[in-house]
$ cat structure_16.pdb   # PDB, C-alpha atoms and all ligand atoms
MODEL        1
ATOM      1  CA  MET A  14      11.345  14.701   5.216  1.00  0.00           C
ATOM      2  CA  VAL A  15       8.193  16.352   6.511  1.00  0.00           C
ATOM      3  CA  GLU A  16       6.931  14.918   9.791  1.00  0.00           C
ATOM      4  CA  ASN A  17       3.610  13.109   9.292  1.00  0.00           C
ATOM      5  CA  ALA A  18       3.978  13.162   5.517  1.00  0.00           C
ATOM      6  CA  ALA A  19       1.982  10.464   3.777  1.00  0.00           C
ATOM      7  CA  LYS A  20       3.757   7.152   3.679  1.00  0.00           C
ATOM      8  CA  ILE A  21       3.363   3.863   1.931  1.00  0.00           C
ATOM      9  CA  LEU A  22       4.887   0.625   3.154  1.00  0.00           C
ATOM     10  CA  VAL A  23       6.060  -1.831   0.505  1.00  0.00           C
ATOM     11  CA  THR A  24       7.191  -5.278   1.627  1.00  0.00           C
ATOM     12  CA  GLY A  25       9.129  -8.056  -0.130  1.00  0.00           C
ATOM     13  CA  PHE A  26      10.043 -11.551   1.064  1.00  0.00           C
ATOM     14  CA  THR A  27      13.252 -13.327   1.982  1.00  0.00           C
ATOM     15  CA  PRO A  28      14.303 -16.203  -0.306  1.00  0.00           C
ATOM     16  CA  PHE A  29      12.472 -19.489   0.287  1.00  0.00           C
ATOM     17  CA  GLY A  30      12.277 -22.983  -1.160  1.00  0.00           C
ATOM     18  CA  GLY A  31      16.079 -23.241  -1.354  1.00  0.00           C
ATOM     19  CA  LYS A  32      16.531 -20.193  -3.617  1.00  0.00           C
ATOM     20  CA  MET A  33      19.365 -17.672  -3.235  1.00  0.00           C
ATOM     21  CA  ILE A  34      17.287 -14.539  -3.794  1.00  0.00           C
ATOM     22  CA  ASN A  35      13.643 -13.539  -3.900  1.00  0.00           C
ATOM     23  CA  ALA A  36      12.620 -11.383  -6.892  1.00  0.00           C
ATOM     24  CA  SER A  37      10.078  -9.530  -4.756  1.00  0.00           C
ATOM     25  CA  TRP A  38      12.653  -8.078  -2.352  1.00  0.00           C
ATOM     26  CA  GLU A  39      15.143  -7.476  -5.180  1.00  0.00           C
ATOM     27  CA  ALA A  40      12.527  -5.263  -6.850  1.00  0.00           C
ATOM     28  CA  VAL A  41      11.118  -3.639  -3.696  1.00  0.00           C
ATOM     29  CA  LYS A  42      14.517  -2.565  -2.371  1.00  0.00           C
ATOM     30  CA  ARG A  43      15.204  -0.720  -5.644  1.00  0.00           C
ATOM     31  CA  LEU A  44      12.053   1.445  -5.430  1.00  0.00           C
ATOM     32  CA  PRO A  45      12.606   5.176  -4.889  1.00  0.00           C
ATOM     33  CA  ASP A  46      12.493   6.366  -1.254  1.00  0.00           C
ATOM     34  CA  GLU A  47       9.978   9.046  -2.114  1.00  0.00           C
ATOM     35  CA  ILE A  48       7.432   9.622  -4.881  1.00  0.00           C
ATOM     36  CA  ASP A  49       5.620  12.967  -5.188  1.00  0.00           C
ATOM     37  CA  GLY A  50       6.333  13.779  -1.538  1.00  0.00           C
ATOM     38  CA  VAL A  51       5.054  10.414  -0.296  1.00  0.00           C
ATOM     39  CA  ALA A  52       7.608   8.376   1.653  1.00  0.00           C
ATOM     40  CA  ILE A  53       8.093   4.856   0.334  1.00  0.00           C
ATOM     41  CA  ARG A  54       9.140   2.630   3.247  1.00  0.00           C
ATOM     42  CA  LYS A  55      10.502  -0.793   2.426  1.00  0.00           C
ATOM     43  CA  LEU A  56      10.598  -3.880   4.589  1.00  0.00           C
ATOM     44  CA  GLU A  57      11.976  -7.350   3.924  1.00  0.00           C
ATOM     45  CA  ILE A  58       9.832  -9.905   5.718  1.00  0.00           C
ATOM     46  CA  PRO A  59      10.594 -13.573   6.434  1.00  0.00           C
ATOM     47  CA  THR A  60       8.861 -16.357   4.514  1.00  0.00           C
ATOM     48  CA  LEU A  61       7.216 -17.646   7.678  1.00  0.00           C
ATOM     49  CA  PHE A  62       3.592 -18.199   8.572  1.00  0.00           C
ATOM     50  CA  GLY A  63       2.603 -16.056  11.540  1.00  0.00           C
ATOM     51  CA  VAL A  64       5.798 -14.036  12.049  1.00  0.00           C
ATOM     52  CA  SER A  65       5.561 -12.399   8.604  1.00  0.00           C
ATOM     53  CA  GLY A  66       2.112 -11.025   9.347  1.00  0.00           C
ATOM     54  CA  ASP A  67       3.082 -10.052  12.923  1.00  0.00           C
ATOM     55  CA  ILE A  68       6.012  -7.967  11.639  1.00  0.00           C
ATOM     56  CA  VAL A  69       3.928  -6.078   9.084  1.00  0.00           C
ATOM     57  CA  LEU A  70       1.072  -5.470  11.528  1.00  0.00           C
ATOM     58  CA  GLU A  71       3.509  -4.207  14.148  1.00  0.00           C
ATOM     59  CA  PHE A  72       4.883  -1.722  11.594  1.00  0.00           C
ATOM     60  CA  VAL A  73       1.356  -0.659  10.592  1.00  0.00           C
ATOM     61  CA  ARG A  74       0.256  -0.036  14.188  1.00  0.00           C
ATOM     62  CA  ARG A  75       3.428   1.906  14.980  1.00  0.00           C
ATOM     63  CA  GLU A  76       3.917   3.905  11.770  1.00  0.00           C
ATOM     64  CA  LYS A  77       0.344   4.171  10.476  1.00  0.00           C
ATOM     65  CA  PRO A  78       1.078   4.101   6.749  1.00  0.00           C
ATOM     66  CA  HIS A  79      -1.680   5.209   4.369  1.00  0.00           C
ATOM     67  CA  ALA A  80      -1.219   2.100   2.260  1.00  0.00           C
ATOM     68  CA  VAL A  81       0.605  -1.232   2.433  1.00  0.00           C
ATOM     69  CA  ILE A  82       1.648  -2.912  -0.801  1.00  0.00           C
ATOM     70  CA  LEU A  83       2.720  -6.493  -0.175  1.00  0.00           C
ATOM     71  CA  VAL A  84       4.928  -7.985  -2.872  1.00  0.00           C
ATOM     72  CA  GLY A  85       5.907 -11.623  -3.293  1.00  0.00           C
ATOM     73  CA  GLU A  86       7.415 -13.957  -5.842  1.00  0.00           C
ATOM     74  CA  ALA A  87       5.240 -16.355  -7.829  1.00  0.00           C
ATOM     75  CA  GLY A  88       7.725 -18.589  -9.621  1.00  0.00           C
ATOM     76  CA  GLY A  89       6.363 -19.934 -12.897  1.00  0.00           C
ATOM     77  CA  ARG A  90       4.128 -16.969 -13.671  1.00  0.00           C
ATOM     78  CA  LYS A  91       4.946 -14.915 -16.769  1.00  0.00           C
ATOM     79  CA  HIS A  92       3.300 -11.676 -15.680  1.00  0.00           C
ATOM     80  CA  ILE A  93       3.274  -9.293 -12.775  1.00  0.00           C
ATOM     81  CA  THR A  94       0.003 -10.290 -11.128  1.00  0.00           C
ATOM     82  CA  PRO A  95      -1.874  -7.958  -8.786  1.00  0.00           C
ATOM     83  CA  GLU A  96      -4.038 -10.169  -6.596  1.00  0.00           C
ATOM     84  CA  ARG A  97      -7.788  -9.668  -6.328  1.00  0.00           C
ATOM     85  CA  VAL A  98      -8.530 -11.685  -3.199  1.00  0.00           C
ATOM     86  CA  ALA A  99      -7.084 -13.292  -0.065  1.00  0.00           C
ATOM     87  CA  ILE A 100      -8.740 -16.349   1.512  1.00  0.00           C
ATOM     88  CA  ASN A 101      -8.843 -17.440   5.150  1.00  0.00           C
ATOM     89  CA  VAL A 102      -6.775 -20.601   4.867  1.00  0.00           C
ATOM     90  CA  ASP A 103      -3.170 -21.689   5.355  1.00  0.00           C
ATOM     91  CA  ASP A 104      -2.357 -24.781   3.309  1.00  0.00           C
ATOM     92  CA  ALA A 105       1.331 -25.175   2.567  1.00  0.00           C
ATOM     93  CA  ARG A 106       2.646 -27.307  -0.294  1.00  0.00           C
ATOM     94  CA  ILE A 107       6.179 -26.858   1.066  1.00  0.00           C
ATOM     95  CA  PRO A 108       7.287 -25.977   4.620  1.00  0.00           C
ATOM     96  CA  ASP A 109       8.029 -22.337   5.404  1.00  0.00           C
ATOM     97  CA  ASN A 110      11.575 -21.265   6.348  1.00  0.00           C
ATOM     98  CA  ASN A 111      11.099 -22.622   9.900  1.00  0.00           C
ATOM     99  CA  GLY A 112       9.790 -25.975   8.695  1.00  0.00           C
ATOM    100  CA  TRP A 113       6.172 -25.147   9.544  1.00  0.00           C
ATOM    101  CA  GLN A 114       3.675 -26.662   7.106  1.00  0.00           C
ATOM    102  CA  PRO A 115       0.058 -25.956   8.078  1.00  0.00           C
ATOM    103  CA  VAL A 116      -2.686 -27.845   6.252  1.00  0.00           C
ATOM    104  CA  ASP A 117      -6.257 -26.532   5.893  1.00  0.00           C
ATOM    105  CA  ARG A 118      -5.989 -24.155   8.858  1.00  0.00           C
ATOM    106  CA  PRO A 119      -7.889 -20.892   9.209  1.00  0.00           C
ATOM    107  CA  ILE A 120      -5.624 -17.837   9.350  1.00  0.00           C
ATOM    108  CA  VAL A 121      -7.950 -15.904  11.658  1.00  0.00           C
ATOM    109  CA  GLU A 122     -10.375 -18.232  13.436  1.00  0.00           C
ATOM    110  CA  GLY A 123     -14.000 -17.179  12.941  1.00  0.00           C
ATOM    111  CA  ALA A 124     -13.178 -14.313  10.571  1.00  0.00           C
ATOM    112  CA  ARG A 125     -14.497 -13.869   7.030  1.00  0.00           C
ATOM    113  CA  GLU A 126     -13.730 -16.466   4.370  1.00  0.00           C
ATOM    114  CA  ALA A 127     -12.151 -13.869   2.099  1.00  0.00           C
ATOM    115  CA  TYR A 128     -11.320 -10.219   1.570  1.00  0.00           C
ATOM    116  CA  PHE A 129     -10.923  -8.362  -1.707  1.00  0.00           C
ATOM    117  CA  SER A 130      -7.832  -6.210  -2.207  1.00  0.00           C
ATOM    118  CA  THR A 131      -8.526  -2.562  -1.463  1.00  0.00           C
ATOM    119  CA  LEU A 132      -5.774  -1.373  -3.808  1.00  0.00           C
ATOM    120  CA  PRO A 133      -6.947   0.087  -7.127  1.00  0.00           C
ATOM    121  CA  VAL A 134      -6.125  -3.174  -8.910  1.00  0.00           C
ATOM    122  CA  ARG A 135      -7.430  -2.243 -12.373  1.00  0.00           C
ATOM    123  CA  LYS A 136      -5.605   1.093 -12.377  1.00  0.00           C
ATOM    124  CA  ILE A 137      -2.421  -0.639 -11.270  1.00  0.00           C
ATOM    125  CA  ILE A 138      -2.751  -3.095 -14.142  1.00  0.00           C
ATOM    126  CA  ALA A 139      -3.313  -0.266 -16.643  1.00  0.00           C
ATOM    127  CA  ALA A 140      -0.253   1.600 -15.354  1.00  0.00           C
ATOM    128  CA  ILE A 141       1.996  -1.466 -15.584  1.00  0.00           C
ATOM    129  CA  GLU A 142       0.678  -2.149 -19.078  1.00  0.00           C
ATOM    130  CA  ALA A 143       1.430   1.436 -20.040  1.00  0.00           C
ATOM    131  CA  VAL A 144       5.131   0.965 -19.246  1.00  0.00           C
ATOM    132  CA  GLY A 145       5.171  -2.153 -21.417  1.00  0.00           C
ATOM    133  CA  VAL A 146       5.598  -4.804 -18.721  1.00  0.00           C
ATOM    134  CA  PRO A 147       3.486  -8.019 -18.879  1.00  0.00           C
ATOM    135  CA  VAL A 148       0.676  -7.821 -16.322  1.00  0.00           C
ATOM    136  CA  GLN A 149      -2.500  -9.716 -15.564  1.00  0.00           C
ATOM    137  CA  ILE A 150      -4.993  -9.845 -12.716  1.00  0.00           C
ATOM    138  CA  SER A 151      -4.740 -12.944 -10.521  1.00  0.00           C
ATOM    139  CA  ASN A 152      -7.725 -14.440  -8.765  1.00  0.00           C
ATOM    140  CA  SER A 153      -5.693 -16.542  -6.358  1.00  0.00           C
ATOM    141  CA  ALA A 154      -2.771 -15.545  -4.162  1.00  0.00           C
ATOM    142  CA  GLY A 155      -2.385 -19.243  -3.291  1.00  0.00           C
ATOM    143  CA  THR A 156      -2.600 -20.622   0.247  1.00  0.00           C
ATOM    144  CA  TYR A 157       1.035 -20.157   1.287  1.00  0.00           C
ATOM    145  CA  VAL A 158       2.753 -17.294   3.131  1.00  0.00           C
ATOM    146  CA  CYS A 159       1.814 -14.595   0.581  1.00  0.00           C
ATOM    147  CA  ASN A 160      -1.907 -15.239   0.914  1.00  0.00           C
ATOM    148  CA  HIS A 161      -1.401 -15.454   4.700  1.00  0.00           C
ATOM    149  CA  VAL A 162       0.076 -11.959   4.948  1.00  0.00           C
ATOM    150  CA  MET A 163      -2.416 -10.497   2.483  1.00  0.00           C
ATOM    151  CA  TYR A 164      -5.318 -11.915   4.497  1.00  0.00           C
ATOM    152  CA  ARG A 165      -3.874 -10.688   7.828  1.00  0.00           C
ATOM    153  CA  LEU A 166      -3.432  -7.155   6.461  1.00  0.00           C
ATOM    154  CA  LEU A 167      -6.868  -6.991   4.858  1.00  0.00           C
ATOM    155  CA  HIS A 168      -8.422  -8.285   8.075  1.00  0.00           C
ATOM    156  CA  GLU A 169      -6.633  -5.514   9.979  1.00  0.00           C
ATOM    157  CA  ALA A 170      -7.626  -2.861   7.421  1.00  0.00           C
ATOM    158  CA  ASN A 171     -11.247  -3.979   7.652  1.00  0.00           C
ATOM    159  CA  THR A 172     -11.386  -4.081  11.442  1.00  0.00           C
ATOM    160  CA  ALA A 173      -8.924  -1.418  12.677  1.00  0.00           C
ATOM    161  CA  GLU A 174      -9.944   2.124  13.532  1.00  0.00           C
ATOM    162  CA  LEU A 175      -7.500   3.740  11.168  1.00  0.00           C
ATOM    163  CA  PRO A 176      -8.218   2.656   7.600  1.00  0.00           C
ATOM    164  CA  PHE A 177      -5.470   2.014   5.073  1.00  0.00           C
ATOM    165  CA  LEU A 178      -5.341   0.592   1.572  1.00  0.00           C
ATOM    166  CA  THR A 179      -3.752  -2.787   1.188  1.00  0.00           C
ATOM    167  CA  GLY A 180      -3.305  -5.649  -1.210  1.00  0.00           C
ATOM    168  CA  PHE A 181      -0.767  -7.869  -2.865  1.00  0.00           C
ATOM    169  CA  ILE A 182       1.267  -7.920  -6.072  1.00  0.00           C
ATOM    170  CA  HIS A 183       3.040 -11.111  -7.159  1.00  0.00           C
ATOM    171  CA  VAL A 184       6.062 -10.808  -9.435  1.00  0.00           C
ATOM    172  CA  PRO A 185       7.619 -13.555 -11.582  1.00  0.00           C
ATOM    173  CA  TYR A 186      11.142 -14.875 -11.147  1.00  0.00           C
ATOM    174  CA  CYS A 187      13.770 -12.473 -12.412  1.00  0.00           C
ATOM    175  CA  GLU A 188      16.004 -13.769 -15.210  1.00  0.00           C
ATOM    176  CA  GLU A 189      19.033 -13.848 -12.902  1.00  0.00           C
ATOM    177  CA  GLN A 190      17.319 -16.660 -10.942  1.00  0.00           C
ATOM    178  CA  VAL A 191      16.624 -19.020 -13.817  1.00  0.00           C
ATOM    179  CA  THR A 192      19.650 -18.865 -16.108  1.00  0.00           C
ATOM    180  CA  GLY A 193      19.850 -21.969 -18.235  1.00  0.00           C
ATOM    181  CA  LYS A 194      16.404 -23.206 -17.182  1.00  0.00           C
ATOM    182  CA  ASP A 195      13.193 -23.249 -19.178  1.00  0.00           C
ATOM    183  CA  THR A 196      11.267 -21.294 -16.529  1.00  0.00           C
ATOM    184  CA  PRO A 197       9.311 -18.097 -17.215  1.00  0.00           C
ATOM    185  CA  ALA A 198      11.035 -14.975 -15.906  1.00  0.00           C
ATOM    186  CA  LEU A 199      11.372 -11.255 -16.558  1.00  0.00           C
ATOM    187  CA  PRO A 200      14.474  -9.064 -16.472  1.00  0.00           C
ATOM    188  CA  LEU A 201      14.760  -7.559 -12.962  1.00  0.00           C
ATOM    189  CA  GLN A 202      14.742  -4.092 -14.571  1.00  0.00           C
ATOM    190  CA  ASP A 203      11.301  -4.766 -16.049  1.00  0.00           C
ATOM    191  CA  ILE A 204       9.932  -6.060 -12.753  1.00  0.00           C
ATOM    192  CA  CYS A 205      11.246  -2.887 -11.095  1.00  0.00           C
ATOM    193  CA  ARG A 206       9.711  -0.625 -13.753  1.00  0.00           C
ATOM    194  CA  GLY A 207       6.368  -2.396 -13.567  1.00  0.00           C
ATOM    195  CA  LEU A 208       6.309  -2.364  -9.784  1.00  0.00           C
ATOM    196  CA  GLU A 209       7.193   1.322  -9.628  1.00  0.00           C
ATOM    197  CA  ALA A 210       4.365   2.120 -12.066  1.00  0.00           C
ATOM    198  CA  GLY A 211       1.988   0.245  -9.759  1.00  0.00           C
ATOM    199  CA  VAL A 212       3.289   2.009  -6.654  1.00  0.00           C
ATOM    200  CA  ARG A 213       2.761   5.375  -8.387  1.00  0.00           C
ATOM    201  CA  VAL A 214      -0.932   4.543  -8.777  1.00  0.00           C
ATOM    202  CA  VAL A 215      -1.170   3.924  -5.027  1.00  0.00           C
ATOM    203  CA  VAL A 216       0.677   7.209  -4.361  1.00  0.00           C
ATOM    204  CA  GLU A 217      -1.993   8.985  -6.420  1.00  0.00           C
ATOM    205  CA  ALA A 218      -4.743   7.213  -4.485  1.00  0.00           C
ATOM    206  CA  VAL A 219      -3.170   8.215  -1.161  1.00  0.00           C
ATOM    207  CA  LEU A 220      -2.857  11.852  -2.253  1.00  0.00           C
ATOM    208  CA  ALA A 221      -6.395  12.049  -3.713  1.00  0.00           C
TER     209      ALA A 221
HETATM  210  N1  LIG B   1       6.216 -16.110  -2.396  1.00  0.00           N
HETATM  211  C1  LIG B   1       5.517 -17.085  -1.581  1.00  0.00           C
HETATM  212  C2  LIG B   1       5.875 -16.727  -0.169  1.00  0.00           C
HETATM  213  C3  LIG B   1       7.049 -15.824  -0.262  1.00  0.00           C
HETATM  214  C4  LIG B   1       7.108 -15.403  -1.666  1.00  0.00           C
HETATM  215  O1  LIG B   1       7.850 -14.547  -2.149  1.00  0.00           O
HETATM  216  C5  LIG B   1       4.018 -17.143  -1.877  1.00  0.00           C
HETATM  217  O2  LIG B   1       3.616 -16.863  -3.027  1.00  0.00           O
HETATM  218  O3  LIG B   1       3.239 -17.504  -0.995  1.00  0.00           O
ENDMDL
END
$ encode --input "structure_16.pdb" --output "structure tokens"
Amino acid sequence: MVENAAKILVTGFTPFGGKMINASWEAVKRLPDEIDGVAIRKLEIPTLFGVSGDIVLEFVRREKPHAVILVGEAGGRKHITPERVAINVDDARIPDNNGWQPVDRPIVEGAREAYFSTLPVRKIIAAIEAVGVPVQISNSAGTYVCNHVMYRLLHEANTAELPFLTGFIHVPYCEEQVTGKDTPALPLQDICRGLEAGVRVVVEAVLA
């Protein structure tokens, strides 16, 4: 691979809440390693407040990717949902994987209340729609670890010297996780196809 070629980091999460797998990492790890000459780097991050964001920021400062696409699982949703906004609050309904359960705490003390995604959200939605996978914008990434990481990355992108695009895409459970239950889910193959279509939009944006 060409040295200094454009690169995009895509992250997925470890399982949490007592589940065996996390649909986000299952989909992310199946993405191609390269799209149109752009390296697609993949990282599995722990479902932990603090550490999750630290790991991604450490990668960003070291590797200087042109874009960071954070992916997480939103059990119960029926669509792939690109997130519009991250808010400056940690408020956990369930403890994270280390038992930490912050309530009403700012993520970055004194920083902005919210940041909008800098990914081309509407184009991503159109591309996922075009491959026939259910997709919808989401106006809340929640207040758990996903929102935490999204906020940390957008804060970095807005304050660091080297700009990069970043934002978050939630995916539903994959069918393998919910067999026999009446819970919304998509076949893993469809989540993968939809996610790849979204990543391709970001590749185009990086190359533009
Ligand atoms: N989903 C959780 C955290 C990890 C994940 O995959 C969330 O939506 O916050």
$ resolve_selection --input "structure_16.pdb" --expression "the PyMOL selection byres (((not hetatm)) within 6 of (chain B and resi 1))" --output "NGL selection string"
:A and (26 or 60 or 85-87 or 157-160)
$ resolve_selection --input "structure_16.pdb" --expression "the PyMOL selection byres (((chain A and resi 190) around 10) and not hetatm)" --output "MDAnalysis selection string"
chainID A and resid 32:36 88 186:189 191:194 196 198:201
$ resolve_selection --input "structure_16.pdb" --expression "the PyMOL selection byres (((chain A and resi 206) around 9) and not hetatm)" --output "list of chain:residue names"
A:Ala40, A:Leu44, A:Ile141, A:Val144, A:Val146, A:Leu201, A:Gln202, A:Asp203, A:Ile204, A:Cys205, A:Gly207, A:Leu208, A:Glu209, A:Ala210, A:Gly211
$ residues_around --input "structure_16.pdb" --residues "A:Val134" --least-positions-apart "6" --cutoff "9 Å" --atoms "all atoms listed in the file" --output "CSV table (one decimal) with C-alpha atoms, in the frame of the given file"
chain,number,residue,atom,x,y,z
A,95,PRO,CA,-1.9,-8.0,-8.8
A,96,GLU,CA,-4.0,-10.2,-6.6
A,97,ARG,CA,-7.8,-9.7,-6.3
A,150,ILE,CA,-5.0,-9.8,-12.7
A,180,GLY,CA,-3.3,-5.6,-1.2
A,211,GLY,CA,2.0,0.2,-9.8
$ closest_atom_pairs --input "structure_16.pdb" --of "stretch 48-121 of chain A" --to "stretch 165-178 of chain A" --cutoff "9 Å" --atoms "all atoms listed in the file" --output "Markdown table"
| residue | atom | partner | partner_atom | distance |
| --- | --- | --- | --- | --- |
| A:Gly66 | CA | A:Arg165 | CA | 6.2 |
| A:Asp67 | CA | A:Arg165 | CA | 8.6 |
| A:Val69 | CA | A:Leu166 | CA | 7.9 |
| A:Leu70 | CA | A:Leu166 | CA | 7.0 |
| A:Lys77 | CA | A:Leu175 | CA | 7.9 |
| A:Pro78 | CA | A:Phe177 | CA | 7.1 |
| A:His79 | CA | A:Phe177 | CA | 5.0 |
| A:Ala80 | CA | A:Leu178 | CA | 4.4 |
| A:Val81 | CA | A:Leu178 | CA | 6.3 |
| A:Ile82 | CA | A:Leu178 | CA | 8.2 |
| A:Ala99 | CA | A:Leu167 | CA | 8.0 |
| A:Asn101 | CA | A:Arg165 | CA | 8.8 |
| A:Ile120 | CA | A:Arg165 | CA | 7.5 |
| A:Val121 | CA | A:Arg165 | CA | 7.6 |
$ atom_distance --input "structure_16.pdb" --atom1 "atom CA of A:Ile21" --atom2 "atom CA of A:Val212"
8.8 Å
$ closest_residue --input "structure_16.pdb" --among "A:Thr131, A:Ser65, A:Gln149, A:Ser37" --to "A:His92" --atoms "all atoms listed in the file"
A:Gln149
$ residues_around --input "structure_16.pdb" --residues "A:Val98" --least-positions-apart "4" --cutoff "9 Å" --atoms "all atoms listed in the file" --output "list in words"
Ala127, Tyr128, Phe129, Ser130, Ser151, Asn152, Ser153, Ala154, Asn160, Met163, Tyr164, Gly180 and Phe181 of chain A
$ atom_distance --input "structure_16.pdb" --atom1 "atom CA of A:Glu47" --atom2 "atom CA of A:Leu220"
13.1 Å
$ atom_distance --input "structure_16.pdb" --atom1 "atom CA of A:Pro115" --atom2 "atom CA of A:Gly63"
10.8 Å
$ residues_near_point --input "structure_16.pdb" --point "(8.4, -24.3, 6.0)" --cutoff "9 Å" --atoms "all atoms listed in the file" --output "ChimeraX atom specification"
/A:29-30,60-62,105,107-115
$ axis_aligned_box --input "structure_16.pdb" --around "stretch 18-31 of chain A" --padding-each-side "5 Å" --output "JSON"
{"center_x": 9.0, "center_y": -5.0, "center_z": 2.1, "size_x": 24.1, "size_y": 46.4, "size_z": 16.9}
$ closest_residue --input "structure_16.pdb" --among "A:Lys42, A:Ile182, A:Arg90, A:Asp49" --to "A:Leu132" --atoms "all atoms listed in the file"
A:Ile182
$ build_atoms --input "structure_16.pdb" --residues "stretch 20-32 of chain A" --atoms "N, CA, C and O atoms" --output "JSON list (two decimals), keeping the file's coordinate frame"
[["chain", "number", "residue", "atom", "x", "y", "z"],
["A", 20, "LYS", "N", 2.77, 8.21, 3.93],
["A", 20, "LYS", "CA", 3.76, 7.15, 3.68],
["A", 20, "LYS", "C", 3.08, 5.86, 3.24],
["A", 20, "LYS", "O", 1.95, 5.57, 3.62],
["A", 21, "ILE", "N", 3.83, 5.16, 2.43],
["A", 21, "ILE", "CA", 3.36, 3.86, 1.93],
["A", 21, "ILE", "C", 4.42, 2.83, 2.31],
["A", 21, "ILE", "O", 5.62, 3.07, 2.12],
["A", 22, "LEU", "N", 3.96, 1.73, 2.86],
["A", 22, "LEU", "CA", 4.89, 0.62, 3.15],
["A", 22, "LEU", "C", 4.83, -0.38, 2.01],
["A", 22, "LEU", "O", 3.74, -0.76, 1.56],
["A", 23, "VAL", "N", 5.99, -0.77, 1.52],
["A", 23, "VAL", "CA", 6.06, -1.83, 0.50],
["A", 23, "VAL", "C", 6.93, -2.95, 1.07],
["A", 23, "VAL", "O", 8.06, -2.70, 1.51],
["A", 24, "THR", "N", 6.40, -4.16, 1.09],
["A", 24, "THR", "CA", 7.19, -5.28, 1.63],
["A", 24, "THR", "C", 7.57, -6.26, 0.51],
["A", 24, "THR", "O", 6.86, -6.41, -0.47],
["A", 25, "GLY", "N", 8.72, -6.94, 0.73],
["A", 25, "GLY", "CA", 9.13, -8.06, -0.13],
["A", 25, "GLY", "C", 9.55, -9.19, 0.79],
["A", 25, "GLY", "O", 9.74, -8.98, 2.00],
["A", 26, "PHE", "N", 9.72, -10.38, 0.23],
["A", 26, "PHE", "CA", 10.04, -11.55, 1.06],
["A", 26, "PHE", "C", 11.51, -11.97, 0.96],
["A", 26, "PHE", "O", 12.17, -11.74, -0.05],
["A", 27, "THR", "N", 11.95, -12.66, 2.01],
["A", 27, "THR", "CA", 13.25, -13.33, 1.98],
["A", 27, "THR", "C", 13.17, -14.51, 1.00],
["A", 27, "THR", "O", 12.08, -14.99, 0.69],
["A", 28, "PRO", "N", 14.32, -15.01, 0.54],
["A", 28, "PRO", "CA", 14.30, -16.20, -0.31],
["A", 28, "PRO", "C", 13.66, -17.37, 0.44],
["A", 28, "PRO", "O", 13.67, -17.43, 1.66],
["A", 29, "PHE", "N", 13.08, -18.30, -0.32],
["A", 29, "PHE", "CA", 12.47, -19.49, 0.29],
["A", 29, "PHE", "C", 12.60, -20.63, -0.72],
["A", 29, "PHE", "O", 12.99, -20.42, -1.86],
["A", 30, "GLY", "N", 12.26, -21.82, -0.27],
["A", 30, "GLY", "CA", 12.28, -22.98, -1.16],
["A", 30, "GLY", "C", 13.67, -23.26, -1.71],
["A", 30, "GLY", "O", 13.80, -23.74, -2.84],
["A", 31, "GLY", "N", 14.71, -22.93, -0.94],
["A", 31, "GLY", "CA", 16.08, -23.24, -1.35],
["A", 31, "GLY", "C", 16.69, -22.29, -2.36],
["A", 31, "GLY", "O", 17.79, -22.52, -2.87],
["A", 32, "LYS", "N", 15.99, -21.16, -2.65],
["A", 32, "LYS", "CA", 16.53, -20.19, -3.62],
["A", 32, "LYS", "C", 17.51, -19.22, -2.93],
["A", 32, "LYS", "O", 17.49, -19.05, -1.73]]
